[in-house]
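Visitor: Got a file for you: protein03.cif, mmCIF, C-alpha atoms and all ligand atoms.
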```
data_query
loop_
_atom_site.label_atom_id
_atom_site.label_comp_id
_atom_site.auth_asym_id
_atom_site.auth_seq_id
_atom_site.Cartn_x
_atom_site.Cartn_y
_atom_site.Cartn_z
CA SER A 276 0.00 0.00 0.00
CA GLY A 277 0.96 3.64 -0.23
CA PRO A 278 1.39 5.60 -3.45
CA LEU A 279 4.16 4.95 -5.94
CA ARG A 280 5.90 8.21 -5.12
CA THR A 281 6.42 7.33 -1.46
CA HIS A 282 8.19 4.11 -2.34
CA ALA A 283 10.22 5.73 -5.12
CA ALA A 284 11.36 8.52 -2.81
CA GLY A 285 12.37 5.90 -0.27
CA ARG A 286 14.67 4.41 -2.89
CA GLY A 287 16.06 7.81 -3.90
CA LYS A 288 14.34 7.69 -7.31
CA PHE A 289 11.54 9.56 -9.02
CA ILE A 290 8.44 7.93 -10.44
CA GLY A 291 6.79 10.15 -13.02
CA THR A 292 4.07 10.45 -15.60
CA ALA A 293 3.54 12.37 -18.80
CA LEU A 294 0.68 14.84 -18.42
CA ALA A 295 -1.81 15.92 -21.09
CA THR A 296 -3.23 19.40 -20.63
CA GLY A 297 -6.80 18.46 -21.66
CA PRO A 298 -7.69 16.05 -18.85
CA LEU A 299 -5.44 17.98 -16.47
CA SER A 300 -7.76 20.94 -16.90
CA ASN A 301 -11.09 19.14 -16.67
CA GLU A 302 -10.93 15.68 -15.06
CA THR A 303 -10.79 15.45 -11.31
CA GLN A 304 -9.83 11.79 -11.25
CA TYR A 305 -6.95 12.43 -13.63
CA ARG A 306 -5.63 15.26 -11.48
CA THR A 307 -6.06 13.33 -8.25
CA ILE A 308 -4.13 10.27 -9.38
CA ALA A 309 -1.46 12.33 -11.12
CA GLY A 310 -0.88 14.32 -7.94
CA GLN A 311 -1.03 11.44 -5.47
CA GLU A 312 0.99 8.78 -7.23
CA PHE A 313 3.86 10.61 -8.93
CA ASN A 314 6.67 12.88 -7.79
CA GLN A 315 7.83 13.84 -11.31
CA VAL A 316 6.01 14.95 -14.47
CA THR A 317 6.78 15.56 -18.15
CA ALA A 318 4.53 17.50 -20.52
CA GLU A 319 3.30 15.04 -23.13
CA ASN A 320 2.98 17.79 -25.76
CA ALA A 321 2.73 21.22 -24.12
CA MET A 322 6.44 22.12 -24.17
CA LYS A 323 7.12 21.04 -27.75
CA TRP A 324 8.07 23.62 -30.34
CA GLU A 325 4.67 23.68 -32.09
CA SER A 326 3.09 24.48 -28.71
CA THR A 327 5.60 27.04 -27.44
CA GLU A 328 6.63 28.90 -30.61
CA PRO A 329 4.02 28.21 -33.30
CA SER A 330 5.09 31.26 -35.31
CA GLN A 331 8.54 32.74 -35.28
CA GLY A 332 9.15 34.82 -32.19
CA GLN A 333 5.59 34.32 -30.86
CA PHE A 334 5.91 32.31 -27.68
CA THR A 335 2.90 30.76 -25.95
CA PHE A 336 3.36 29.11 -22.59
CA SER A 337 -0.20 28.52 -21.41
CA GLY A 338 -0.02 24.72 -21.62
CA ALA A 339 3.54 24.55 -20.34
CA ASP A 340 2.69 26.82 -17.42
CA ALA A 341 -0.36 24.72 -16.55
CA ILE A 342 1.89 21.67 -16.19
CA VAL A 343 4.51 23.53 -14.17
CA ASP A 344 1.82 25.02 -11.88
CA PHE A 345 0.30 21.59 -11.27
CA ALA A 346 3.71 20.16 -10.48
CA THR A 347 4.49 22.98 -8.10
CA GLN A 348 1.19 22.47 -6.25
CA ASN A 349 1.93 18.77 -5.93
CA ASN A 350 5.62 18.99 -5.03
CA GLN A 351 6.72 17.31 -8.26
CA GLN A 352 9.82 17.78 -10.43
CA VAL A 353 9.30 18.76 -14.08
CA HIS A 354 11.36 17.36 -16.94
CA GLY A 355 11.17 19.69 -19.96
CA HIS A 356 10.32 17.85 -23.18
CA THR A 357 11.58 18.67 -25.79
CA LEU A 358 13.62 21.46 -27.36
CA VAL A 359 14.97 20.13 -30.67
CA TRP A 360 13.10 17.35 -32.44
CA HIS A 361 12.11 16.58 -36.03
CA SER A 362 8.45 16.08 -35.10
CA GLN A 363 5.91 18.62 -33.84
CA THR A 364 8.11 21.46 -35.07
CA PRO A 365 6.39 24.10 -37.18
CA GLY A 366 6.88 24.36 -40.93
CA TRP A 367 8.45 27.79 -40.60
CA VAL A 368 11.45 26.23 -38.85
CA GLN A 369 11.86 23.45 -41.35
CA GLY A 370 12.07 25.85 -44.28
CA LEU A 371 14.87 28.06 -42.94
CA ASN A 372 18.38 28.15 -44.40
CA ALA A 373 21.27 26.95 -42.26
CA THR A 374 22.20 30.27 -40.68
CA ALA A 375 18.61 31.18 -39.91
CA MET A 376 17.79 27.70 -38.64
CA ARG A 377 20.71 27.70 -36.23
CA SER A 378 19.75 31.06 -34.80
CA ALA A 379 16.06 30.10 -34.59
CA MET A 380 17.11 27.01 -32.64
CA GLN A 381 19.32 29.01 -30.29
CA ASN A 382 16.61 31.60 -29.74
CA HIS A 383 13.97 28.95 -29.10
CA ILE A 384 16.16 27.22 -26.52
CA SER A 385 17.08 30.50 -24.90
CA GLN A 386 13.45 31.59 -24.55
CA VAL A 387 11.93 28.28 -23.46
CA VAL A 388 14.68 27.19 -21.08
CA GLY A 389 15.13 30.77 -19.89
CA ARG A 390 11.47 31.05 -18.91
CA TYR A 391 11.85 28.29 -16.32
CA ALA A 392 15.52 28.70 -15.41
CA SER A 393 14.78 30.17 -12.02
CA ASN A 394 11.78 27.92 -11.36
CA PRO A 395 12.80 25.28 -8.82
CA ALA A 396 10.30 22.74 -10.18
CA VAL A 397 11.89 22.54 -13.63
CA VAL A 398 15.10 20.59 -13.20
CA SER A 399 15.95 18.98 -16.54
CA TRP A 400 15.42 19.13 -20.30
CA ASP A 401 15.42 16.85 -23.29
CA VAL A 402 17.64 19.09 -25.39
CA VAL A 403 17.66 16.88 -28.47
CA ASN A 404 15.28 14.02 -29.12
CA GLU A 405 15.54 11.00 -31.44
CA VAL A 406 18.62 11.96 -33.45
CA PHE A 407 19.31 8.35 -34.55
CA ASP A 408 17.78 5.84 -36.91
CA ASP A 409 17.36 2.33 -35.55
CA ASN A 410 20.51 1.12 -37.36
CA GLY A 411 22.61 3.69 -35.49
CA ASN A 412 23.03 6.15 -38.37
CA MET A 413 22.14 9.74 -37.75
CA ARG A 414 18.50 10.36 -38.62
CA THR A 415 18.30 12.43 -41.80
CA SER A 416 15.88 14.92 -40.27
CA PHE A 417 15.57 18.50 -41.50
CA TRP A 418 17.94 19.44 -38.66
CA TYR A 419 20.63 17.08 -39.86
CA ASN A 420 20.04 17.77 -43.53
CA THR A 421 20.36 21.52 -43.02
CA LEU A 422 22.97 21.79 -40.26
CA GLY A 423 24.78 18.45 -40.13
CA SER A 424 25.38 16.91 -36.73
CA SER A 425 26.77 20.20 -35.35
CA TYR A 426 23.25 21.21 -34.29
CA ILE A 427 23.45 18.73 -31.40
CA ALA A 428 26.42 20.36 -29.67
CA ASP A 429 25.05 23.83 -30.46
CA ALA A 430 21.73 22.93 -28.84
CA PHE A 431 23.38 21.71 -25.63
CA ARG A 432 25.55 24.81 -25.43
CA ALA A 433 22.52 27.07 -25.89
CA ALA A 434 20.62 25.20 -23.17
CA ARG A 435 23.53 25.51 -20.75
CA ALA A 436 23.76 29.23 -21.49
CA ALA A 437 20.05 29.61 -20.70
CA ASP A 438 20.16 27.62 -17.44
CA SER A 439 23.44 26.80 -15.80
CA ASN A 440 21.81 24.37 -13.36
CA ALA A 441 19.39 22.32 -15.43
CA ARG A 442 20.27 18.75 -16.21
CA LEU A 443 20.57 18.46 -19.98
CA CYS A 444 19.56 15.21 -21.64
CA ILE A 445 19.66 13.47 -24.98
CA ASN A 446 16.68 11.15 -25.40
CA ASP A 447 15.74 8.31 -27.75
CA TYR A 448 13.70 5.12 -28.21
CA ASN A 449 14.86 1.57 -28.92
CA VAL A 450 18.02 2.29 -26.94
CA GLU A 451 17.00 0.49 -23.73
CA GLY A 452 19.01 -2.66 -24.41
CA ILE A 453 22.44 -3.10 -25.96
CA ASN A 454 22.09 -2.83 -29.76
CA ALA A 455 23.41 -0.84 -32.73
CA LYS A 456 21.34 2.23 -31.89
CA SER A 457 22.26 2.36 -28.20
CA THR A 458 25.92 1.84 -29.10
CA ALA A 459 25.72 4.78 -31.52
CA MET A 460 24.20 6.82 -28.70
CA TYR A 461 26.95 5.70 -26.36
CA ASN A 462 29.64 6.76 -28.85
CA LEU A 463 27.99 10.12 -29.45
CA VAL A 464 27.63 10.93 -25.75
CA SER A 465 31.20 9.86 -25.10
CA SER A 466 32.51 12.04 -27.92
CA LEU A 467 30.40 15.08 -26.99
CA ARG A 468 31.59 14.93 -23.40
CA GLN A 469 35.21 14.62 -24.52
CA GLN A 470 34.68 17.85 -26.45
CA GLY A 471 33.28 19.57 -23.38
CA VAL A 472 29.70 19.68 -24.66
CA PRO A 473 27.39 19.86 -21.61
CA VAL A 474 25.50 16.55 -21.91
CA ASP A 475 24.52 15.55 -18.37
CA CYS A 476 22.00 12.88 -18.91
CA VAL A 477 20.70 10.20 -21.27
CA GLY A 478 16.98 9.41 -21.52
CA PHE A 479 15.83 5.95 -22.53
CA GLN A 480 12.23 6.32 -23.65
CA GLY A 481 11.09 2.75 -23.05
CA HIS A 482 8.25 2.37 -25.54
CA LEU A 483 8.01 -1.41 -25.33
CA ALA A 484 5.58 -3.93 -26.84
CA ILE A 485 5.04 -7.40 -25.39
CA GLN A 486 4.96 -9.00 -28.84
CA TYR A 487 8.53 -7.89 -29.57
CA GLY A 488 10.09 -9.27 -26.43
CA PHE A 489 11.94 -7.57 -23.62
CA PRO A 490 15.16 -5.80 -24.69
CA GLY A 491 18.44 -7.52 -23.82
CA GLN A 492 20.85 -6.29 -21.14
CA VAL A 493 18.95 -3.21 -20.00
CA GLN A 494 20.75 -2.90 -16.68
CA GLN A 495 24.16 -3.37 -18.33
CA ASN A 496 23.27 -0.78 -20.93
CA LEU A 497 22.22 1.79 -18.33
CA GLN A 498 25.42 1.05 -16.44
CA ARG A 499 27.73 1.59 -19.40
CA PHE A 500 26.24 5.06 -19.88
CA ALA A 501 26.49 5.74 -16.15
CA ASP A 502 30.17 4.85 -16.40
CA LEU A 503 30.59 7.76 -18.85
CA GLY A 504 29.60 10.03 -15.98
CA VAL A 505 26.05 10.88 -17.05
CA GLN A 506 22.79 10.48 -15.22
CA VAL A 507 20.44 8.00 -16.87
CA ARG A 508 16.64 7.87 -16.70
CA ILE A 509 13.70 6.03 -18.18
CA THR A 510 11.71 8.83 -19.77
CA GLU A 511 8.61 7.51 -21.58
CA LEU A 512 7.87 3.99 -20.37
CA ASP A 513 4.86 2.15 -21.72
CA VAL A 514 4.24 -1.46 -22.72
CA ARG A 515 1.68 -1.93 -25.44
CA MET A 516 -0.02 -5.11 -26.57
CA GLN A 517 -2.23 -6.30 -29.38
CA MET A 518 -5.81 -5.73 -28.33
CA PRO A 519 -7.89 -7.08 -26.75
CA ARG A 520 -6.30 -7.27 -23.34
CA ASP A 521 -6.36 -10.58 -21.52
CA ALA A 522 -4.92 -11.88 -18.28
CA THR A 523 -1.93 -13.53 -19.94
CA LYS A 524 -0.91 -10.34 -21.74
CA ASP A 525 -1.43 -8.33 -18.58
CA THR A 526 0.93 -10.66 -16.74
CA THR A 527 3.61 -10.33 -19.42
CA GLN A 528 3.17 -6.58 -19.43
CA ALA A 529 3.53 -6.45 -15.66
CA THR A 530 6.79 -8.39 -15.95
CA TYR A 531 8.15 -5.85 -18.45
CA TYR A 532 7.27 -2.96 -16.15
CA ARG A 533 8.88 -4.75 -13.21
CA ASN A 534 12.04 -5.48 -15.19
CA VAL A 535 12.46 -1.85 -16.22
CA VAL A 536 11.94 -0.56 -12.69
CA ASN A 537 14.36 -3.13 -11.29
CA ALA A 538 17.01 -2.21 -13.89
CA CYS A 539 16.79 1.44 -12.87
CA LEU A 540 16.86 0.56 -9.17
CA ALA A 541 20.02 -1.49 -9.74
CA VAL A 542 21.93 1.43 -11.28
CA THR A 543 22.88 4.19 -8.86
CA ALA A 544 23.03 6.82 -11.63
CA CYS A 545 19.47 6.02 -12.76
CA ALA A 546 17.42 8.93 -11.43
CA GLY A 547 14.00 7.43 -12.00
CA ILE A 548 11.28 6.27 -14.30
CA THR A 549 8.65 8.31 -16.13
CA ILE A 550 5.65 6.44 -17.51
CA TRP A 551 4.20 7.95 -20.71
CA GLY A 552 0.83 8.69 -19.13
CA PHE A 553 -0.88 6.52 -16.55
CA THR A 554 -4.39 5.71 -17.78
CA ASP A 555 -5.29 3.78 -20.94
CA ARG A 556 -7.98 6.42 -21.39
CA TYR A 557 -5.28 8.75 -22.77
CA SER A 558 -2.42 7.22 -24.71
CA TRP A 559 -0.70 7.88 -28.02
CA VAL A 560 -0.47 4.16 -28.79
CA GLY A 561 -3.80 3.53 -30.53
CA ASP A 562 -3.32 6.46 -32.90
CA THR A 563 0.14 5.31 -33.96
CA PHE A 564 -0.31 1.51 -33.84
CA PRO A 565 -3.87 0.64 -34.82
CA GLY A 566 -5.08 -2.48 -33.00
CA GLU A 567 -2.59 -2.04 -30.16
CA GLY A 568 -3.12 -0.38 -26.80
CA ALA A 569 -3.61 -0.94 -23.05
CA ALA A 570 -0.01 0.15 -22.53
CA LEU A 571 -0.29 1.88 -19.16
CA ILE A 572 -0.84 1.08 -15.47
CA TYR A 573 -4.48 2.13 -15.02
CA ASN A 574 -7.33 1.09 -17.29
CA GLU A 575 -9.69 3.52 -19.05
CA SER A 576 -11.81 3.83 -15.90
CA TYR A 577 -8.86 4.58 -13.66
CA GLN A 578 -8.58 1.15 -12.10
CA GLN A 579 -5.14 -0.14 -11.27
CA LYS A 580 -3.87 -2.96 -13.50
CA PRO A 581 -1.36 -5.73 -12.75
CA SER A 582 1.27 -3.40 -14.24
CA TYR A 583 0.53 -0.90 -11.46
CA THR A 584 1.10 -3.59 -8.85
CA ALA A 585 4.35 -4.60 -10.55
CA VAL A 586 5.70 -1.04 -10.46
CA HIS A 587 4.48 -0.56 -6.92
CA ASP A 588 5.98 -3.75 -5.58
CA ALA A 589 9.29 -3.26 -7.38
CA LEU A 590 9.62 0.24 -5.90
CA ALA A 591 8.56 -1.05 -2.50
CA GLY A 592 11.34 -3.59 -2.69
CA GLY A 593 9.07 -6.61 -3.11
O1 LIG B 601 -2.95 19.79 -31.25
C1 LIG B 601 -3.81 19.11 -32.15
C2 LIG B 601 -5.23 19.54 -31.95
O2 LIG B 601 -5.34 20.90 -32.26
C3 LIG B 601 -6.14 18.68 -32.81
O3 LIG B 601 -7.47 19.00 -32.51
C4 LIG B 601 -5.92 17.20 -32.54
C5 LIG B 601 -6.74 16.31 -33.42
O4 LIG B 601 -6.10 15.08 -33.64
O5 LIG B 601 -4.57 16.90 -32.76
C6 LIG B 601 -3.71 17.62 -31.90
O6 LIG B 601 -2.37 17.26 -32.08
C7 LIG B 601 -2.01 15.97 -31.64
C8 LIG B 601 -1.03 16.11 -30.50
O7 LIG B 601 -0.52 14.83 -30.15
C9 LIG B 601 -1.66 16.72 -29.27
O8 LIG B 601 -2.71 15.93 -28.80
C10 LIG B 601 -1.37 15.26 -32.83
O9 LIG B 601 -2.34 15.00 -33.80
C11 LIG B 601 -0.73 13.98 -32.36
O10 LIG B 601 0.05 13.45 -33.44
C12 LIG B 601 0.19 14.24 -31.19
O11 LIG B 601 0.73 12.98 -30.79
C13 LIG B 601 1.82 13.04 -29.90
C14 LIG B 601 3.06 12.46 -30.55
O12 LIG B 601 4.13 12.47 -29.60
C15 LIG B 601 3.48 13.25 -31.78
O13 LIG B 601 4.66 12.75 -32.29
C16 LIG B 601 1.45 12.22 -28.69
O14 LIG B 601 0.37 12.84 -27.97
C17 LIG B 601 2.66 12.08 -27.75
O15 LIG B 601 2.40 11.12 -26.75
C18 LIG B 601 3.87 11.60 -28.53
O16 LIG B 601 4.96 11.54 -27.66
C19 LIG B 601 6.20 11.11 -28.23
C20 LIG B 601 7.30 11.85 -27.49
O17 LIG B 601 7.08 13.24 -27.56
C21 LIG B 601 8.67 11.50 -28.05
N1 LIG B 601 8.88 10.07 -28.06
C22 LIG B 601 7.82 9.27 -28.68
C23 LIG B 601 6.46 9.62 -28.07
C24 LIG B 601 5.37 8.74 -28.65
O18 LIG B 601 5.20 8.99 -30.01
#
```
What is this file in structure tokens?
Ligand code: G3I
Guide:
Amino acid sequence: SGPLRTHAAGRGKFIGTALATGPLSNETQYRTIAGQEFNQVTAENAMKWESTEPSQGQFTFSGADAIVDFATQNNQQVHGHTLVWHSQTPGWVQGLNATAMRSAMQNHISQVVGRYASNPAVVSWDVVNEVFDDNGNMRTSFWYNTLGSSYIADAFRAARAADSNARLCINDYNVEGINAKSTAMYNLVSSLRQQGVPVDCVGFQGHLAIQYGFPGQVQQNLQRFADLGVQVRITELDVRMQMPRDATKDTTQATYYRNVVNACLAVTACAGITIWGFTDRYSWVGDTFPGEGAALIYNESYQQKPSYTAVHDALAGG
């Protein structure tokens, strides 16, 4: 018994959730669980470029502020997500030439990070997100195609200039286990740090699916990054399945959740685990993977699932 956050805090870790501004503004049950169970939050969409700077130089922070205010009221840390990404970035950015794109990026980072630099709730940022393809090559996004890989170091330097205390992360998916993509990430982080680029943290998203198996060597992978001197964290955990749910799939899903939590608990430099939402009522999965779903730890009517118990018991040391 007792909420997840109490057990996580007892282990020196955070347990977090992504928050969507819609239900946060109008669903009591959503707010209650989000506040009671978690000691860390990430904006699911509200801090992305399309939300914070939809037209050049026009910044809108209503959604981002709503998340930060909620977190402050509930004594939660906020992880800023995300400054430089190829998705959910307005067309006006994508069409700029190299010089203009670099300065738009630096200005965006300066304004968004700067807004929260003195806010004690906001402690970390995903500075760049998803820079790799699954084979470990750099993703040929508009960022890379226009600026080459130099945009990554420039983004971290701009973030550090805007907030000297925030923990600055690089974040990706399919990097939880040891594979070509996580090794490319490892080499990049190692090389950036050797050059003095302020990368403090690596985020492992953790978008898992029971039908693809559990990734290999998660704890060892987290540890090899930790040995580079960075903090590590699970940033977007969910475990989807082919619908409909059944008891067998729920049990497998619970095992995946438990394994991820235990891997983080076993690595001192792992700061915590953020789940990408908490209720199956609100999840990105069904829109992106038709026929899949039920990826979270509460069902659509806010009842706890076996995956909740797995996270709870792992954090409680069971
Ligand atoms: O804002 C519009 C709204 O105006 C419109 O009425 C509505 C109608 O569909 O769409 C709204 O935009 C949606 C947006 O979420 C906000 O709800 C987009 O269509 C939808 O594509 C977008 O999906 C988000 C997705 O990122 C976009 O790539 C998901 O909510 C969000 O969970 C997901 O999160 C990403 C992480 O940021 C990075 N890692 C992967 C993860 C899962 O894809």
Visitor: For chain A versus ligand LIG 601 (chain B), which residues have an atom no more than 10 Å away, and what is each residue's nearest atom pair and distance in Å rounded to one decimal, using only C-alpha atoms and all ligand atoms, chain-then-number order, as a tab-separated table?
Guide:
```
residue	atom	partner	partner_atom	distance
A:Ala293	CA	B:LIG601	O15	8.1
A:Leu294	CA	B:LIG601	O15	9.3
A:Ala295	CA	B:LIG601	O8	7.8
A:Thr296	CA	B:LIG601	O8	8.9
A:Gly297	CA	B:LIG601	O8	8.6
A:Thr317	CA	B:LIG601	O17	9.7
A:Ala318	CA	B:LIG601	O17	8.6
A:Glu319	CA	B:LIG601	O15	5.4
A:Asn320	CA	B:LIG601	C9	5.9
A:Ala321	CA	B:LIG601	C9	8.1
A:Met322	CA	B:LIG601	O17	9.5
A:Lys323	CA	B:LIG601	O17	7.8
A:Glu325	CA	B:LIG601	O1	8.6
A:Ser326	CA	B:LIG601	O1	8.1
A:His356	CA	B:LIG601	O17	7.1
A:Thr357	CA	B:LIG601	O17	7.3
A:Trp360	CA	B:LIG601	C21	8.6
A:His361	CA	B:LIG601	O13	9.2
A:Ser362	CA	B:LIG601	O13	5.8
A:Gln363	CA	B:LIG601	O13	6.2
A:Thr364	CA	B:LIG601	O13	9.8
A:Asp401	CA	B:LIG601	C21	9.8
A:Asn404	CA	B:LIG601	C21	7.2
A:Glu405	CA	B:LIG601	N1	7.5
A:Asn446	CA	B:LIG601	N1	8.3
A:Asp447	CA	B:LIG601	N1	7.1
A:Tyr448	CA	B:LIG601	N1	6.9
A:Phe479	CA	B:LIG601	N1	9.8
A:Gln480	CA	B:LIG601	N1	6.7
A:Gly481	CA	B:LIG601	N1	9.1
A:His482	CA	B:LIG601	C22	7.6
A:Thr510	CA	B:LIG601	N1	8.8
A:Glu511	CA	B:LIG601	N1	7.0
A:Leu512	CA	B:LIG601	C23	9.6
A:Asp513	CA	B:LIG601	C24	9.6
A:Trp551	CA	B:LIG601	O15	7.1
A:Gly552	CA	B:LIG601	O15	8.2
A:Tyr557	CA	B:LIG601	O14	8.7
A:Ser558	CA	B:LIG601	O15	6.5
A:Trp559	CA	B:LIG601	O15	4.7
A:Val560	CA	B:LIG601	C24	7.4
A:Asp562	CA	B:LIG601	O10	7.8
A:Thr563	CA	B:LIG601	O18	7.4
```
Visitor: Write out, as a tab-separated table, each residue of stretch 387-471 of chain A that has an atom at most 12 Å from stretch 335-351 of chain A, together with the closest pair of atoms and their distance in Å to one decimal, counting all atoms listed in the file, rows going by chain and rising number.
Guide:
```
residue	atom	partner	partner_atom	distance
A:Val387	CA	A:Phe336	CA	8.7
A:Val388	CA	A:Ala339	CA	11.5
A:Arg390	CA	A:Phe336	CA	9.1
A:Tyr391	CA	A:Val343	CA	9.0
A:Asn394	CA	A:Val343	CA	8.9
A:Pro395	CA	A:Thr347	CA	8.7
A:Ala396	CA	A:Thr347	CA	6.2
A:Val397	CA	A:Val343	CA	7.5
A:Val398	CA	A:Gln351	CA	10.3
```
Visitor: Let me make sure I understand: among A:Glu567, A:Glu328, A:Asp502, A:Glu575, which one has the smallest atom-to-atom distance to A:Gln304 if we use all atoms listed in the file?
Guide: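 For A:Gln304, the nearest of the candidates is A:Glu575.
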Visitor: Expressed in Å to a single decimal, how great is the separation between atom CA of A:Phe431 and atom CA of A:Val402?
Guide: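 Calculated distance between atom CA of A:Phe431 and atom CA of A:Val402 is 6.3 Å.
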Visitor: Measure the distance from atom CA of A:Ile548 to atom CA of A:His354 in Å and round it to one decimal.
Guide: 11.4 Å
Visitor: What is the atom CA of A:Ile572 to atom CA of A:Gln352 distance in Å?
Guide: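 Atom CA of A:Gln352 lies at a distance of 20.4 Å from atom CA of A:Ile572.
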Visitor: Can you work out which one of A:Ser378, A:Val464, A:Val472, A:Ser576 has the shortest atom-to-atom distance to A:Arg556, counting all atoms listed in the file?
Guide: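 So, comparing all the options, the nearest one is A:Ser576.
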Visitor: From the set A:Gln486, A:Gln333, A:Asn420, A:Asn410, which residue has the shortest atom-to-atom contact distance to A:Lys456, counting all atoms listed in the file?
Guide: A:Asn410
Visitor: With all atoms listed in the file as the atoms that count, which of A:Val368, A:Ile485, A:Ile453, A:Ala570 lies nearest to A:Gly411?
Guide: A:Ile453
Visitor: Would you mind telling me which residue in A:Arg432, A:Arg533, A:Arg499, A:Arg377 lies nearest to A:Ala591 when using all atoms listed in the file?
Guide: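 Of all the options, A:Arg533 lies closest to A:Ala591.
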Visitor: For stretch 339-353 of chain A, take all atoms listed in the file, fit an axis-aligned box around them, add 6 Å to each of the six sides, then output centre and edge lengths in Å rounded to one decimal, as AutoDock Vina command-line options.
Guide:
```
--center_x 4.7 --center_y 22.1 --center_z -12.7 --size_x 22.2 --size_y 21.5 --size_z 27.3
```
Visitor: With a distance cut-off of 8 Å and only C-alpha atoms, select the neighbouring residues of A:His282, excluding the residue or stretch itself and same-chain residues fewer than 3 positions from it, and output the selection as an NGL selection string.
Guide: :A and (277-279 or 285-286 or 587 or 590-591)
Visitor: Counting all atoms listed in the file, which residue out of A:Ile308, A:Leu371, A:Leu463, A:Leu497 sits closest to A:Cys539?
Guide: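 Residue with the minimum atom-to-atom distance to A:Cys539: A:Leu497.
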